[in-house]
Amino acid sequence: MNKTHTLTLSRWHKVAERLSRDYTETMFKAKQALTQTRVSAYVGESQEEALREQASDWSARLERAFRLQDGIGDIRRVLGDANAQHGVTALLAEFDKLNRRQKVLTELVEGQTPDMIAIGELKHMPADYVADGDNYDRRRPQLRVRMLERAEVTRLRKELDAVRARAYALADEIAERNKATLGLELTGEVAGAAGL
């Protein structure tokens with residue numbers, strides 16, 4: 001029997017995740033059981049019966065998983081529309097962009113270490129530091145060059161702080177908008193699998 005469930009958008013996301021996890025696990029096990037079952041030898045009719053029961057059981061589980069997949073598709077379609085209607089989709093795109101930028105800026109800023117030598121300082125290295133021929137790597141370590149001037153690192157650090165602050169604010173705004181509710185009719189089987 002179908003029943004309408006009204007949940008917040010964020011809860012619907014969790015429901016879809018739960019159902020997807022159930023679907024994925026069931027599909028993996030069903031494919032293994034239905035395509036990779038092996039026996040060493042024929043041991044009689046009881047073996048045949050057990051294998052037929054196993055095939056029937058996994059075929060039924062496969063059909064259930066397909067019904068869950070249909071439910072997931074319905075939830076995601078309606079949830080996608082609601083996300084667009086409440087402006088969540090655009091905010092998520094911006095949030096993803098900020099997270100990617102934050103990752104790169106963090107790597108650049110944290111990648112600057114005290115053992116780096118500025119480009120302009122290279123000319124002050126002792127002349128005998130550089131080895132000749134193929135023995136260079138064995139006798140002398142390579143020098144880490146600071147490709148970014150200190151002012152540029154400072155600017156990147158400030159940009160990182162600004163991006164991080166904007167990402168935090170955006171995450172809060174997304175969470176707030178995800179409090180909107182959405183009613184969706186689900187079968188008892190799908191609702192049960194989702195824990196509703």
# chains A, B, ... in the order shown; residues from 1 in each chain; ligands from 1
>>> select_by_dssp(residues="range 21-174 of chain A", states="strand (DSSP E)", output="list in words")
Ile117, Ala118, Val145 and Arg146 of chain A
>>> write_last_selection(atoms="N, CA and C atoms", output="short mmCIF file (atom, residue, chain, number, x, y, z; two decimals), in the first residue's frame")
data_model
loop_
_atom_site.label_atom_id
_atom_site.label_comp_id
_atom_site.auth_asym_id
_atom_site.auth_seq_id
_atom_site.Cartn_x
_atom_site.Cartn_y
_atom_site.Cartn_z
N ILE A 117 64.16 27.76 -1.47
CA ILE A 117 65.05 28.86 -1.82
C ILE A 117 64.37 29.72 -2.87
N ALA A 118 64.36 31.02 -2.63
CA ALA A 118 63.76 31.96 -3.58
C ALA A 118 64.56 31.94 -4.88
N VAL A 145 62.72 25.07 -4.88
CA VAL A 145 62.65 26.47 -5.28
C VAL A 145 61.28 27.03 -4.88
N ARG A 146 61.32 28.20 -4.24
CA ARG A 146 60.08 28.91 -3.88
C ARG A 146 59.65 29.68 -5.12
#
>>> residues_around(residues="Arg64 in chain A", least_positions_apart="3", cutoff="10 Å", atoms="only C-alpha atoms", output="list in words")
Tyr23, Thr26, Trp58, Ser59, Ala60, Arg61, Arg67, Leu68, Gln69, Asp70, Glu189 and Val190 of chain A
>>> residues_around(residues="range 172-188 of chain A", least_positions_apart="2", cutoff="10 Å", atoms="only C-alpha atoms", output="PyMOL selection string")
chain A and resi 1-13+67-68+71-72+74-75+78-79+82-83+86-92+95+166-170+190-194+196
>>> select_by_dssp(residues="chain A", states="helix (DSSP H, G or I)", output="ChimeraX atom specification")
/A:9-35,45-85,88-110,119-124,127-129,133-139,150-177,188-194
>>> closest_residue(among="A:Arg144, A:Arg18, A:Arg77, A:Ala55", to="Thr113 in chain A", atoms="only C-alpha atoms")
A:Arg144
